[in-house]
Amino acid sequence: MFRKAAPQLIRATRPAFRNLPNGFDYIETVPADVSTSATVEQPSELLLTLTRQDEFLMAAKVVKSVSLMTANGKMGVLPGHEYVVEKLEPGMIEVEHQDGKVEKFATTGGFAHVNTDGSVDVNTAEAIPATSLELALVEKELAANQDLAKNGDEDGKIRGAIGVATLEPIAEALKAM
């Protein structure tokens with residue numbers, strides 16, 4: 001039945017499709033093609049937006065650089081960095097401010113969105129200033145999670161393994177401070 005009706009539908013709708021405007025006629029500014037050899041103005045500053053869940057820790061703050069622990073290893077971001085979206089691993093986020101002061105945040109993971117316009121959006125599940133962490137307490141919690149991962153029931157082993165994977169890199173970073 002469809003084979004018989006399809007040609008009739010196509011003939012009936014063909015005049016309507018001829019009168020449709022170009023897709024870009026609906027918007028005010030039409031995108032322009034840019035040559036791959038065109039010079040692009042490099043941003044001179046880096047704007048960092050750092051959030052944890054629904055709270056801003058930094059909102060479009062001008063910084064010198066940002067170092068992130070990603071699934072592919074440690075990544076540094078400076079103004080003019082290429083566009084990239086990276087998954088963050090547990091560890092430290094290091095923010096170098098314009099005055100040279102370095103601020104560190106312990107994170108359990110998240111995502112970083114680096115834009116070519118000089119902005120970086122870092123969205124974390126949790127980000128705690130490293131100055132508010134005590135190495136002894138982190139090591140104590142790490143030992144408890146290691147014990148739970150070895151000696152707990154099935155659920156406890158999973159929770160312990162997650163705790164170890166989160167706390168080990170943070171403890172290592174705190175030792176290096």
# chains A, B, ... in the order shown; residues from 1 in each chain; ligands from 1
call {"tool": "residues_around", "arguments": {"residues": "Ala71 (chain A)", "least_positions_apart": "2", "cutoff": "9 Å", "atoms": "only C-alpha atoms", "output": "VMD selection string"}}
result
chain A and resid 69 73 to 74 86 to 89
call {"tool": "atom_distance", "arguments": {"atom1": "CA of Ile93 (chain A)", "atom2": "CA of Ala143 (chain A)"}}
result
23.5 Å
call {"tool": "select_by_dssp", "arguments": {"residues": "region 41-167 of chain A", "states": "alpha helix (DSSP H)", "output": "PyMOL selection string"}}
result
chain A and resi 135-151+154-167
call {"tool": "closest_residue", "arguments": {"among": "A:Ala173, A:Leu148, A:Ala130, A:Ala125", "to": "Thr51 (chain A)", "atoms": "only C-alpha atoms"}}
result
A:Ala125
call {"tool": "closest_residue", "arguments": {"among": "A:Leu48, A:Val84, A:Leu142, A:Val95", "to": "Leu68 (chain A)", "atoms": "only C-alpha atoms"}}
result
A:Val95
call {"tool": "residues_around", "arguments": {"residues": "Leu135 (chain A)", "least_positions_apart": "3", "cutoff": "10 Å", "atoms": "only C-alpha atoms", "output": "ChimeraX atom specification"}}
result
/A:130,132,138-141,170-175
call {"tool": "atom_distance", "arguments": {"atom1": "CA of Gly156 (chain A)", "atom2": "CA of Ala144 (chain A)"}}
result
11.2 Å
call {"tool": "atom_distance", "arguments": {"atom1": "CA of Glu96 (chain A)", "atom2": "CA of Ser67 (chain A)"}}
result
8.4 Å
call {"tool": "closest_residue", "arguments": {"among": "A:Leu167, A:Ser44, A:Phe105, A:His81", "to": "Leu137 (chain A)", "atoms": "only C-alpha atoms"}}
result
A:Leu167
call {"tool": "residues_around", "arguments": {"residues": "Ala161 (chain A)", "least_positions_apart": "6", "cutoff": "9 Å", "atoms": "only C-alpha atoms", "output": "NGL selection string"}}
result
:A and (145-146 or 148-150)
